[in-house]
Protein chains: 2
Amino acid sequence: MSFELRDRDLWGRIGRIETKNGVIETPAFMPVVNPVHQTLSPRRMYNEFGCQVVITNSYITKKHFEERRDLDIHNLLDYPGVVTTDSGAYQILVYGEVDVTQEEIINFQKRIGSDIAVILDIPTGWDVPRSRVEYTVEETLRRARDAVPQIEGDDVLWIGPIQGGKYLDLVAHSANEIGDLPYQIHALGSPTEVMERYNYTLLVDMIITAKRNIPPSRPLHLFGAGHPMMLSLAVAMGCDLFDSAAYALYAKDERYLTSRGTLRLNDMRYLPCDCPICSRNSAQDLKNADYEERTLLLTEHNLHVTMGEIDRVKQAIAEGTLWDLVETRARGHPSMTSALNRLSDYSKDLEEYSPGFKGKGVFYYDYHSIYRPETTRYNRKLIENYVTPYDATTLIMLKAPPTTPYRRDERYLKIKENLPEDDGFNICFYSAPYGCIPEELSETFPLSQFEIAKPLDKETISFTVEMLERYVSSVKPSRIVMVTDHEELDLKAIEAMKRIAAKTSAEIRVLKESDLWNIDAIDMASKIINLKN
Amino acid sequence: MSFELRDRDLWGRIGRIETKNGVIETPAFMPVVNPVHQTLSPRRMYNEFGCQVVITNSYITKKHFEERRDLDIHNLLDYPGVVTTDSGAYQILVYGEVDVTQEEIINFQKRIGSDIAVILDIPTGWDVPRSRVEYTVEETLRRARDAVPQIEGDDVLWIGPIQGGKYLDLVAHSANEIGDLPYQIHALGSPTEVMERYNYTLLVDMIITAKRNIPPSRPLHLFGAGHPMMLSLAVAMGCDLFDSAAYALYAKDERYLTSRGTLRLNDMRYLPCDCPICSRNSAQDLKNADYEERTLLLTEHNLHVTMGEIDRVKQAIAEGTLWDLVETRARGHPSMTSALNRLSDYSKDLEEYSPGFKGKGVFYYDYHSIYRPETTRYNRKLIENYVTPYDATTLIMLKAPPTTPYRRDERYLKIKENLPEDDGFNICFYSAPYGCIPEELSETFPLSQFEIAKPLDKETISFTVEMLERYVSSVKPSRIVMVTDHEELDLKAIEAMKRIAAKTSAEIRVLKESDLWNIDAIDMASKIINLKN
């Protein structure tokens with residue numbers, strides 16, 4: 001199989017999976033299609049909704065159509081795109097067992113021409129004792145190993161499922177072991193139950209754990225997940241494929257999907273959506289329609305908004321704004337905000353795989369934004385790589401001007417102009433959320449192009465001061481001259497510089513910017529120089 | 001005129017304005033239509049986009065079509081809905097003057113059958129000295145007074161414009177004076193320049209100032225505003241009507257509107273939208289189309305997303321989740337977050353007009369959410385109205401259980417069961433962000449139904465402890481028993497209670513919840529009782 005990466009942001013990626021029946025671009029959502037009856041035809045999904053891939057159940061297909069000669073799943077569904085088949089594992093979860101062997105169902109999936117297929121794994125489920133979870137992990141691994149001779153060398157892409165549920169050590173073990181087997185795609189089980197409980201924090205832990213333990217070159221599928229609210233978060237953690245029947249099941253239950261959560265049609269007076277269905281109809285139209293018509297319209301809306309969210313995620317990856325989208329979606333439900341908070345705990349991991357500059361300025365909305373890779377990376381590099389100017393014994397620390405690039409700031413220019421040509425000065429700006437910005441870095445990305453909301457919150461101030469302190473502690477100037485102001489960040493920065501000065505016996509002088517604005521710039525510069533000489 | 005309110009949330013409202021040519025439901029967006037040539041026909045706007053009202057320029061109409069007999073603006077535009085006409089004030093702003101008198105343009109607007117019309121005001125503009133701003137305010141007021149005899153008693157709805165730009169005292173004066181005149185609608189000028197500079201913080205100040213100084217029963221129009229990103233914010237502050245040509249002008253410039261900001265088609269690989277245009281076309285399709293076709297498609301997309309956002313705002317008002325939507329939109333740009341921060345400064349004003357319970361649980365995402373009316377109102381009412389149980393000298397302060405309603409919590413029930421029947425106990429929960437929740441209020445809205453993201457941020461903790469402290473300081477118990485834990489909120493709450501105890505010489509005892517969980521409930525209760533006796 002070829003899985004070719006086209007673009008990346010955070011751990012998210014735009015990729016192309018080649019199957020025997022065509023290419024799918026990831027991240028991709030696969031609507032679950034019932035092989036026996038459909039509200040919305042797979043043909044329409046392909047033509048009108050842009051669905052390049054659907055998923056259906058091979059176990060149900062076998063039950064109903066096994067006797068048919070020349071059974072081909074594409075013909076059966078009347079669907080020209082890529083077809084993934086599940087194996088009956090879901091039925092094991094629901095009914096405890098199925099009357100088919102893994103060998104039979106693997107052969108059946110091959111026979112009907114599945115493009116992507118799944119072995120007969122044992123789903124972990126929810127609310128089961130650890131011993132049962134261990135069994136599902138080991139039994140799935142055993143079956144995955146058993147299946148290898150049967151699946152090796154064919155042209156189907158085989159999914160190797162990861163079990164373990166909420167037991168992260170078991171998820172890690174499961175992912176690690178199956179990652180050693182020759183599967184083309186991996187899939188993480190049990191998210192549905194976790195999401196039904198709005199336990200998105202646990203979902204973050206589960207996905208990150210799985211992702212860390214499989215080969216990064218293999219696509220990761222998230223079983224049974226497809227609510228538009230959580231797609232960006234899951235993609236940000238490296239999920240490439242999704243499947244869900246929610247678009248159809250919710251419609252039957254008169255529930256209306258949005259990227260900000262789920263609404264009940266009954267509670268709706270307006271349709272908060274731009275899709276073709278919602279542009280043509282009012283909430284009252286949907287309520288007035290008969291049940292079948294309403295179900296179809298809601299199914300179409302739900303699928304439109306899900307497919308649209310995939311495009312929003314892709315465009316965000318292309319722009320390098322996936323973090324912004326995740327922050328936006330975190331306001332769909334407090335549990336999504338909790339998940340964002342948890343994701344922030346992994347910011348160093350995210351930074352490692354996230355690409356650099358995409359030409360777009362970076363936005364900081366509040367403390368959630370300080371965990372963006374751009375901030376994490378800048379601070380790591382500043383400490384690891386940045387060499388202060390030779391002989392710079394005096395650190396001149398200026399409060400950052402209100403707009404970038406800082407080097408065009410009049411105040412900076414005047415100070416610069418009036419300093420003797422002498423390498424003894426290390427001029428830096430301090431600025432939220434980056435901490436310290438040496439003058440010569442101030443015109444590089446991301447320092448040259450960012451915007452931050454005001455006033456700063458306490459977390460952002462603490463973070464900034466901590467970064468500032470780390471840098472200054474590492475350069476150990478013998479003199480510190482601060483040109484500062486009276487805002488909370490300034491006061492905390494002054495305290496921090498005084499702490500460092502006390503510890504390193506450096507001289508420190510604090511000049512309030514507001515006092516300095518109106519005096520002659522030469523005076524200001526000479527104050528600084530006087531301190532040095 | 002009748003302006004009938006149907007629903008409210010924050011200062012936002014769903015209303016119905018009756019005009020001589022039909023009813024419009026507010027908040028409403030009026031696309032600016034050129035009377036001479038249109039990319040997208042007003043007839044299609046009415047039929048396909050749900051535009052109940054458009055706005056066009058009477059000055060340009062006069063220039064081109066004055067000679068026509070029986071000139072009717074609805075026929076000219078081929079538009080069956082409500083037509084608003086502007087007066088040429090925009091041309092004054094751009095060209096300095098116009099060759100028409102106010103009397104002429106008012107008569108012309110009447111003659112052509114405008115449903116809503118504007119006097120010939122003098123826009124404030126931007127970057128003009130205060131003396132000029134004062135002139136625009138006074139001259140607009142003079143003209144507004146002059147026009148009264150001419151417009152009184154006719155069936156047109158007349159807009160009385162508010163000037164003043166960034167000078168809030170002048171905005172207040174302007175709004176106050178014009179609010180005394182018999183205009184049916186008011187309109188705030190100059191937002192376009194403010195928004196072009198992304199100065200949404202100033203926009204908040206301007207709108208709130210205008211709103212506070214006009215009669216609340218009159219609709220407020222925001223001149224030249226219609227970016228989907230800012231509609232929810234403006235509605236939350238009481239704006240009812242919007243007009244903008246951005247949907248068309250941006251399209252000509254290949255800019256693509258979204259509720260999260262503006263994109264350039266050139267930078268787009270995907271269309272992050274569900275509208276009929278974006279469902280049918282790919283980004284590449286739009287790029288490949290010839291300029292005229294592309295402009296039409298982008299115009300249609302831009303109008304779809306703008307009209308869709310109006311529906312999202314209305315549905316949020318209906319649900320009582322307008323604050324949530326404003327929080328979501330605040331992640332469109334850091335300047336929108338700054339605006340949300342500024343709006344939070346007015347949380348007491350918002351609370352005053354915001355309605356109560358709508359049956360939906362309240363969501364707290366982070367510190368931005370603590371300024372919701374539900375929190376502000378609860379804390380005000382608790383201090384103003386709540387009477388502690390008679391004779392309650394012992395305050396038992398329990399850390400709130402993880403789920404609502406608190407009274408079903410086992411720990412609470414056991415303590416309750418083991419307390420003697422005695423009015424001497426005042427049992428409360430402490431909980432973010434509400435502060436103190438007396439047991440008998442814990443099953444009322446919003447305390448019975450809310451969710452808050454974890455972990456709490458510093459602002460939320462400070463706010464909670466401050467509210468807690470205010471309540472306990474006002475009830476002055478002689479004994480405080482805390483059942484608490486080791487999280488940051490707990491530690492700060494303990495400190496606060498100790499401060500109060502020290503000040504009022506109350507006895508205080510702190511029991512750590514984690515120590516108590518496993519001991520016999522009777523023991524726990526007796527510990528508490530022992531303290532009392």
# chains A, B, ... in the order shown; residues from 1 in each chain; ligands from 1
>>> residues_around(residues="Thr209 in chain A", least_positions_apart="6", cutoff="8 Å", atoms="only C-alpha atoms", output="list in words")
Leu168, Val171 and Ala172 of chain A
>>> write_last_selection(atoms="C-alpha atoms", output="short mmCIF file (atom, residue, chain, number, x, y, z; two decimals), in the first residue's frame")
data_model
loop_
_atom_site.label_atom_id
_atom_site.label_comp_id
_atom_site.auth_asym_id
_atom_site.auth_seq_id
_atom_site.Cartn_x
_atom_site.Cartn_y
_atom_site.Cartn_z
CA LEU A 168 -3.61 3.03 28.65
CA VAL A 171 -3.61 0.29 24.67
CA ALA A 172 0.14 0.88 24.43
#
>>> interface_residues(of="chain A", to="chain B", cutoff="6 Å", atoms="only C-alpha atoms", output="number ranges by chain")
A: 270, 272-276, 308, 311-312, 315, 328, 331, 334-335, 337-338, 365, 452-454
>>> write_last_selection(atoms="N, CA and C atoms", output="PDB file, in the first residue's frame")
ATOM      1  N   TYR A 270     -34.805  27.619  14.324  1.00  0.00           N
ATOM      2  CA  TYR A 270     -34.058  28.004  13.129  1.00  0.00           C
ATOM      3  C   TYR A 270     -33.089  26.876  12.803  1.00  0.00           C
ATOM      4  N   PRO A 272     -29.431  26.308  12.079  1.00  0.00           N
ATOM      5  CA  PRO A 272     -28.166  27.050  12.157  1.00  0.00           C
ATOM      6  C   PRO A 272     -27.119  26.439  11.239  1.00  0.00           C
ATOM      7  N   CYS A 273     -27.368  26.424   9.961  1.00  0.00           N
ATOM      8  CA  CYS A 273     -26.521  25.704   9.015  1.00  0.00           C
ATOM      9  C   CYS A 273     -26.736  26.268   7.618  1.00  0.00           C
ATOM     10  N   ASP A 274     -25.689  26.188   6.786  1.00  0.00           N
ATOM     11  CA  ASP A 274     -25.759  26.725   5.424  1.00  0.00           C
ATOM     12  C   ASP A 274     -25.935  25.637   4.376  1.00  0.00           C
ATOM     13  N   CYS A 275     -26.079  24.376   4.759  1.00  0.00           N
ATOM     14  CA  CYS A 275     -26.064  23.280   3.790  1.00  0.00           C
ATOM     15  C   CYS A 275     -27.279  23.363   2.869  1.00  0.00           C
ATOM     16  N   PRO A 276     -27.212  22.674   1.745  1.00  0.00           N
ATOM     17  CA  PRO A 276     -28.321  22.766   0.783  1.00  0.00           C
ATOM     18  C   PRO A 276     -29.682  22.472   1.417  1.00  0.00           C
ATOM     19  N   GLY A 308     -18.465  18.434   5.466  1.00  0.00           N
ATOM     20  CA  GLY A 308     -17.977  19.819   5.468  1.00  0.00           C
ATOM     21  C   GLY A 308     -16.906  20.017   6.532  1.00  0.00           C
ATOM     22  N   ASP A 311     -13.612  18.949   5.361  1.00  0.00           N
ATOM     23  CA  ASP A 311     -12.982  19.982   4.528  1.00  0.00           C
ATOM     24  C   ASP A 311     -12.438  21.138   5.372  1.00  0.00           C
ATOM     25  N   ARG A 312     -13.150  21.493   6.428  1.00  0.00           N
ATOM     26  CA  ARG A 312     -12.645  22.551   7.309  1.00  0.00           C
ATOM     27  C   ARG A 312     -11.327  22.108   7.956  1.00  0.00           C
ATOM     28  N   GLN A 315      -8.561  22.146   5.224  1.00  0.00           N
ATOM     29  CA  GLN A 315      -8.127  23.512   4.919  1.00  0.00           C
ATOM     30  C   GLN A 315      -7.273  24.061   6.073  1.00  0.00           C
ATOM     31  N   THR A 328     -11.459  26.445  18.645  1.00  0.00           N
ATOM     32  CA  THR A 328     -12.840  26.857  18.357  1.00  0.00           C
ATOM     33  C   THR A 328     -13.810  25.747  18.727  1.00  0.00           C
ATOM     34  N   ARG A 331     -15.223  24.878  22.259  1.00  0.00           N
ATOM     35  CA  ARG A 331     -16.396  25.558  22.839  1.00  0.00           C
ATOM     36  C   ARG A 331     -17.698  24.866  22.459  1.00  0.00           C
ATOM     37  N   PRO A 334     -18.113  21.709  27.436  1.00  0.00           N
ATOM     38  CA  PRO A 334     -17.005  21.822  28.397  1.00  0.00           C
ATOM     39  C   PRO A 334     -16.071  20.608  28.366  1.00  0.00           C
ATOM     40  N   SER A 335     -16.622  19.434  28.047  1.00  0.00           N
ATOM     41  CA  SER A 335     -15.751  18.255  27.995  1.00  0.00           C
ATOM     42  C   SER A 335     -14.771  18.354  26.826  1.00  0.00           C
ATOM     43  N   THR A 337     -13.455  21.265  26.007  1.00  0.00           N
ATOM     44  CA  THR A 337     -12.442  22.168  26.566  1.00  0.00           C
ATOM     45  C   THR A 337     -11.499  21.384  27.471  1.00  0.00           C
ATOM     46  N   SER A 338     -12.074  20.475  28.265  1.00  0.00           N
ATOM     47  CA  SER A 338     -11.227  19.620  29.110  1.00  0.00           C
ATOM     48  C   SER A 338     -10.259  18.832  28.238  1.00  0.00           C
ATOM     49  N   TYR A 365      -5.347  33.518  21.445  1.00  0.00           N
ATOM     50  CA  TYR A 365      -6.648  33.978  21.921  1.00  0.00           C
ATOM     51  C   TYR A 365      -6.682  34.094  23.439  1.00  0.00           C
ATOM     52  N   ILE A 452      -1.983  38.828  19.686  1.00  0.00           N
ATOM     53  CA  ILE A 452      -2.423  38.257  20.958  1.00  0.00           C
ATOM     54  C   ILE A 452      -3.530  39.126  21.548  1.00  0.00           C
ATOM     55  N   ALA A 453      -4.538  38.476  22.089  1.00  0.00           N
ATOM     56  CA  ALA A 453      -5.678  39.202  22.656  1.00  0.00           C
ATOM     57  C   ALA A 453      -5.265  39.905  23.946  1.00  0.00           C
ATOM     58  N   LYS A 454      -5.932  40.995  24.252  1.00  0.00           N
ATOM     59  CA  LYS A 454      -5.685  41.754  25.460  1.00  0.00           C
ATOM     60  C   LYS A 454      -6.976  41.883  26.261  1.00  0.00           C
TER      61      LYS A 454
END
>>> residues_around(residues="Ile122 in chain B", least_positions_apart="3", cutoff="7 Å", atoms="only C-alpha atoms", output="compact mmCIF listing (two decimals) with all heavy atoms, in the first residue's frame")
# COMPACT_ATOMS: atom_id res chain seq x y z
N ALA B 89 -25.36 59.67 2.55
CA ALA B 89 -24.43 60.04 3.60
C ALA B 89 -23.06 59.40 3.35
O ALA B 89 -22.02 60.00 3.60
CB ALA B 89 -24.97 59.60 4.96
N ILE B 92 -21.17 61.50 1.15
CA ILE B 92 -20.61 62.66 1.86
C ILE B 92 -19.28 62.26 2.49
O ILE B 92 -18.28 62.99 2.42
CB ILE B 92 -21.58 63.17 2.95
CG1 ILE B 92 -22.86 63.68 2.30
CG2 ILE B 92 -20.92 64.25 3.81
CD1 ILE B 92 -23.89 64.23 3.28
N THR B 136 -19.93 66.72 13.24
CA THR B 136 -20.78 65.69 12.61
C THR B 136 -21.94 65.30 13.53
O THR B 136 -23.05 65.04 13.07
CB THR B 136 -19.99 64.41 12.23
OG1 THR B 136 -19.49 63.78 13.41
CG2 THR B 136 -18.83 64.73 11.29
N GLU B 139 -24.35 68.54 13.60
CA GLU B 139 -25.01 68.76 12.32
C GLU B 139 -26.02 67.64 12.02
O GLU B 139 -27.11 67.89 11.52
CB GLU B 139 -23.95 68.87 11.20
CG GLU B 139 -24.50 69.09 9.81
CD GLU B 139 -25.31 70.39 9.64
OE1 GLU B 139 -25.19 71.29 10.50
OE2 GLU B 139 -26.07 70.47 8.65
N THR B 140 -25.65 66.39 12.38
CA THR B 140 -26.59 65.28 12.20
C THR B 140 -27.83 65.50 13.07
O THR B 140 -28.96 65.30 12.62
CB THR B 140 -25.91 63.93 12.54
OG1 THR B 140 -24.84 63.72 11.61
CG2 THR B 140 -26.89 62.77 12.45
>>> select_by_dssp(residues="range 11-129 of chain B", states="alpha helix (DSSP H)", output="count of residues only")
38
>>> residues_around(residues="range 283-298 of chain B", least_positions_apart="4", cutoff="9 Å", atoms="only C-alpha atoms", output="PDB file with C-alpha atoms, in the first residue's frame")
ATOM      1  CA  THR B  39     -23.964  40.439  -9.616  1.00  0.00           C
ATOM      2  CA  LEU B  40     -26.665  38.526  -7.750  1.00  0.00           C
ATOM      3  CA  TYR B 247     -20.479  39.765   0.605  1.00  0.00           C
ATOM      4  CA  ALA B 248     -20.194  41.262  -2.915  1.00  0.00           C
ATOM      5  CA  TYR B 250     -15.054  40.650  -1.030  1.00  0.00           C
ATOM      6  CA  ALA B 251     -16.169  38.300  -3.817  1.00  0.00           C
ATOM      7  CA  LYS B 252     -14.810  40.702  -6.445  1.00  0.00           C
ATOM      8  CA  ASP B 253     -11.541  40.648  -4.562  1.00  0.00           C
ATOM      9  CA  GLU B 254     -11.599  36.805  -4.350  1.00  0.00           C
ATOM     10  CA  ARG B 255     -12.073  36.869  -0.601  1.00  0.00           C
ATOM     11  CA  TYR B 256     -14.128  34.147   1.042  1.00  0.00           C
ATOM     12  CA  LEU B 257     -16.135  34.889   4.176  1.00  0.00           C
ATOM     13  CA  LEU B 265      -9.341  31.983  -2.500  1.00  0.00           C
ATOM     14  CA  ASN B 266      -5.730  31.856  -3.575  1.00  0.00           C
ATOM     15  CA  MET B 268      -7.489  27.755  -0.256  1.00  0.00           C
ATOM     16  CA  ARG B 269      -7.169  24.120  -1.206  1.00  0.00           C
ATOM     17  CA  TYR B 270     -10.540  23.136   0.275  1.00  0.00           C
ATOM     18  CA  LEU B 271     -13.834  24.940   0.745  1.00  0.00           C
ATOM     19  CA  ILE B 277     -22.030  26.498  -3.714  1.00  0.00           C
ATOM     20  CA  CYS B 278     -19.303  24.836  -1.661  1.00  0.00           C
ATOM     21  CA  ASN B 302     -20.539  34.908   1.012  1.00  0.00           C
ATOM     22  CA  LEU B 303     -24.246  35.678   1.217  1.00  0.00           C
TER      23      LEU B 303
END
>>> residues_around(residues="range 104-111 of chain B", least_positions_apart="5", cutoff="12 Å", atoms="only C-alpha atoms", output="PyMOL selection string")
chain B and resi 20+56-63+65-74+83-89+98-99+116-121+143-144+146-152+154-159
>>> write_last_selection(atoms="C-alpha atoms", output="CSV table (one decimal), in the first residue's frame")
chain,number,residue,atom,x,y,z
B,20,LYS,CA,-45.7,49.0,4.9
B,56,THR,CA,-29.9,50.3,-1.6
B,57,ASN,CA,-28.7,53.8,-2.2
B,58,SER,CA,-31.4,56.5,-2.9
B,59,TYR,CA,-28.7,59.0,-3.9
B,60,ILE,CA,-27.4,56.8,-6.7
B,61,THR,CA,-31.0,55.8,-7.6
B,62,LYS,CA,-31.8,59.5,-8.0
B,63,LYS,CA,-28.8,60.2,-10.1
B,65,PHE,CA,-33.5,57.1,-12.6
B,66,GLU,CA,-34.9,60.4,-11.3
B,67,GLU,CA,-36.5,61.1,-14.6
B,68,ARG,CA,-38.5,57.9,-14.7
B,69,ARG,CA,-42.2,58.3,-14.0
B,70,ASP,CA,-43.8,56.1,-11.4
B,71,LEU,CA,-40.4,55.1,-10.2
B,72,ASP,CA,-40.8,52.5,-7.5
B,73,ILE,CA,-37.8,51.0,-5.8
B,74,HIS,CA,-39.3,47.6,-5.5
B,83,VAL,CA,-36.4,47.8,0.8
B,84,THR,CA,-34.4,50.2,2.9
B,85,THR,CA,-32.7,53.1,1.3
B,86,ASP,CA,-29.7,55.0,2.4
B,87,SER,CA,-29.5,58.7,1.8
B,88,GLY,CA,-26.1,59.6,0.3
B,89,ALA,CA,-24.4,60.0,3.6
B,98,VAL,CA,-23.3,65.7,-2.3
B,99,ASP,CA,-25.4,67.8,-4.7
B,116,ILE,CA,-37.2,52.2,5.7
B,117,ALA,CA,-35.2,55.3,5.0
B,118,VAL,CA,-32.4,57.5,6.3
B,119,ILE,CA,-32.1,61.3,6.7
B,120,LEU,CA,-29.1,63.0,5.1
B,121,ASP,CA,-26.7,62.6,8.1
B,143,ARG,CA,-30.7,67.7,10.4
B,144,ALA,CA,-32.6,65.1,12.4
B,146,ASP,CA,-35.2,69.7,10.9
B,147,ALA,CA,-36.5,66.6,9.2
B,148,VAL,CA,-39.1,65.8,11.9
B,149,PRO,CA,-42.0,67.8,10.3
B,150,GLN,CA,-41.2,66.3,6.9
B,151,ILE,CA,-41.3,62.7,8.1
B,152,GLU,CA,-43.8,62.7,10.8
B,154,ASP,CA,-45.9,59.0,7.0
B,155,ASP,CA,-45.7,55.3,6.6
B,156,VAL,CA,-41.9,55.1,6.1
B,157,LEU,CA,-39.8,53.9,9.0
B,158,TRP,CA,-37.1,56.6,9.5
B,159,ILE,CA,-33.7,55.9,10.8
>>> closest_residue(among="B:Pro373, B:Gly179, B:Pro219, B:Gly22", to="Val235 in chain B", atoms="only C-alpha atoms")
B:Pro219
>>> closest_residue(among="A:Thr376, A:Gln163, A:Ser131, A:Thr321", to="Ser344 in chain A", atoms="only C-alpha atoms")
A:Thr376
>>> residues_around(residues="Gly356 in chain B", least_positions_apart="4", cutoff="9 Å", atoms="only C-alpha atoms", output="PyMOL selection string")
chain B and resi 9+320+373-374+445
>>> write_last_selection(atoms="N, CA, C and O atoms", output="compact mmCIF listing (two decimals), in the first residue's frame")
# COMPACT_ATOMS: atom_id res chain seq x y z
N ASP B 9 -31.94 37.18 24.66
CA ASP B 9 -30.81 36.52 25.34
C ASP B 9 -29.68 37.55 25.37
O ASP B 9 -29.41 38.19 24.36
N GLY B 320 -31.02 30.24 24.36
CA GLY B 320 -30.34 30.85 25.49
C GLY B 320 -28.85 30.56 25.51
O GLY B 320 -28.22 30.50 26.57
N PRO B 373 -24.39 35.83 32.15
CA PRO B 373 -25.41 36.39 33.05
C PRO B 373 -25.82 35.42 34.16
O PRO B 373 -26.13 35.85 35.26
N GLU B 374 -25.81 34.13 33.88
CA GLU B 374 -26.26 33.16 34.88
C GLU B 374 -25.41 33.24 36.15
O GLU B 374 -25.92 33.14 37.27
N PHE B 445 -32.20 26.19 39.00
CA PHE B 445 -31.40 26.67 37.88
C PHE B 445 -30.61 27.89 38.31
O PHE B 445 -31.13 28.71 39.03
>>> select_by_dssp(residues="range 150-288 of chain A", states="strand (DSSP E)", output="ChimeraX atom specification")
/A:157-162,185-188,220-222,241-244,255-258,261-264
>>> residues_around(residues="Phe463 in chain A", least_positions_apart="5", cutoff="12 Å", atoms="only C-alpha atoms", output="JSON list (two decimals) with C-alpha atoms, in the first residue's frame")
[["chain", "number", "residue", "atom", "x", "y", "z"],
["A", 366, "ASP", "CA", -5.99, 33.12, 25.57],
["A", 367, "TYR", "CA", -3.99, 30.67, 27.68],
["A", 368, "HIS", "CA", -5.17, 27.71, 25.61],
["A", 369, "SER", "CA", -3.13, 29.13, 22.72],
["A", 370, "ILE", "CA", 0.19, 29.17, 24.58],
["A", 371, "TYR", "CA", 0.48, 25.42, 24.03],
["A", 375, "THR", "CA", 5.40, 28.80, 21.18],
["A", 376, "THR", "CA", 6.76, 25.52, 22.47],
["A", 379, "ASN", "CA", 11.19, 28.51, 23.55],
["A", 431, "SER", "CA", 6.57, 39.87, 24.93],
["A", 432, "ALA", "CA", 3.63, 37.54, 25.64],
["A", 433, "PRO", "CA", 3.54, 34.64, 25.11],
["A", 434, "TYR", "CA", 7.10, 34.14, 23.84],
["A", 435, "GLY", "CA", 8.99, 35.51, 26.80],
["A", 436, "CYS", "CA", 12.26, 36.93, 25.54],
["A", 456, "LEU", "CA", -3.54, 38.91, 29.08],
["A", 457, "ASP", "CA", -4.84, 36.24, 31.42],
["A", 458, "LYS", "CA", -2.93, 35.02, 34.46],
["A", 468, "LEU", "CA", 11.69, 35.07, 30.14],
["A", 469, "GLU", "CA", 13.28, 33.89, 33.35],
["A", 470, "ARG", "CA", 14.61, 30.71, 31.73],
["A", 489, "LEU", "CA", 3.09, 41.43, 32.90],
["A", 492, "LYS", "CA", 5.89, 40.24, 37.14],
["A", 493, "ALA", "CA", 8.74, 40.60, 34.66]]
>>> atom_distance(atom1="CA of Val481 in chain B", atom2="CA of Ile437 in chain B")
15.0 Å
>>> atom_distance(atom1="CA of Glu103 in chain B", atom2="CA of Glu177 in chain B")
21.0 Å
>>> atom_distance(atom1="CA of Glu487 in chain B", atom2="CA of Val510 in chain B")
14.1 Å
>>> closest_residue(among="B:Leu441, B:Ile24, B:Met230, B:Ile500", to="Met195 in chain B", atoms="only C-alpha atoms")
B:Met230
>>> closest_residue(among="B:Phe429, B:Leu220, B:Lys381, B:Gln38", to="Leu241 in chain B", atoms="only C-alpha atoms")
B:Leu220
>>> decode(residues="range 462-475 of chain A", atoms="C-alpha atoms", output="PDB file, in the first residue's frame")
ATOM      1  CA  SER A 462       2.932  33.235  34.238  1.00  0.00           C
ATOM      2  CA  PHE A 463       4.016  31.346  31.135  1.00  0.00           C
ATOM      3  CA  THR A 464       5.638  34.430  29.601  1.00  0.00           C
ATOM      4  CA  VAL A 465       7.525  35.308  32.750  1.00  0.00           C
ATOM      5  CA  GLU A 466       8.692  31.725  33.162  1.00  0.00           C
ATOM      6  CA  MET A 467      10.050  31.690  29.594  1.00  0.00           C
ATOM      7  CA  LEU A 468      11.686  35.065  30.143  1.00  0.00           C
ATOM      8  CA  GLU A 469      13.276  33.889  33.345  1.00  0.00           C
ATOM      9  CA  ARG A 470      14.613  30.715  31.732  1.00  0.00           C
ATOM     10  CA  TYR A 471      16.301  32.682  28.977  1.00  0.00           C
ATOM     11  CA  VAL A 472      17.848  35.359  31.186  1.00  0.00           C
ATOM     12  CA  SER A 473      19.010  32.758  33.698  1.00  0.00           C
ATOM     13  CA  SER A 474      20.805  30.968  30.900  1.00  0.00           C
ATOM     14  CA  VAL A 475      22.591  34.048  29.476  1.00  0.00           C
TER      15      VAL A 475
END
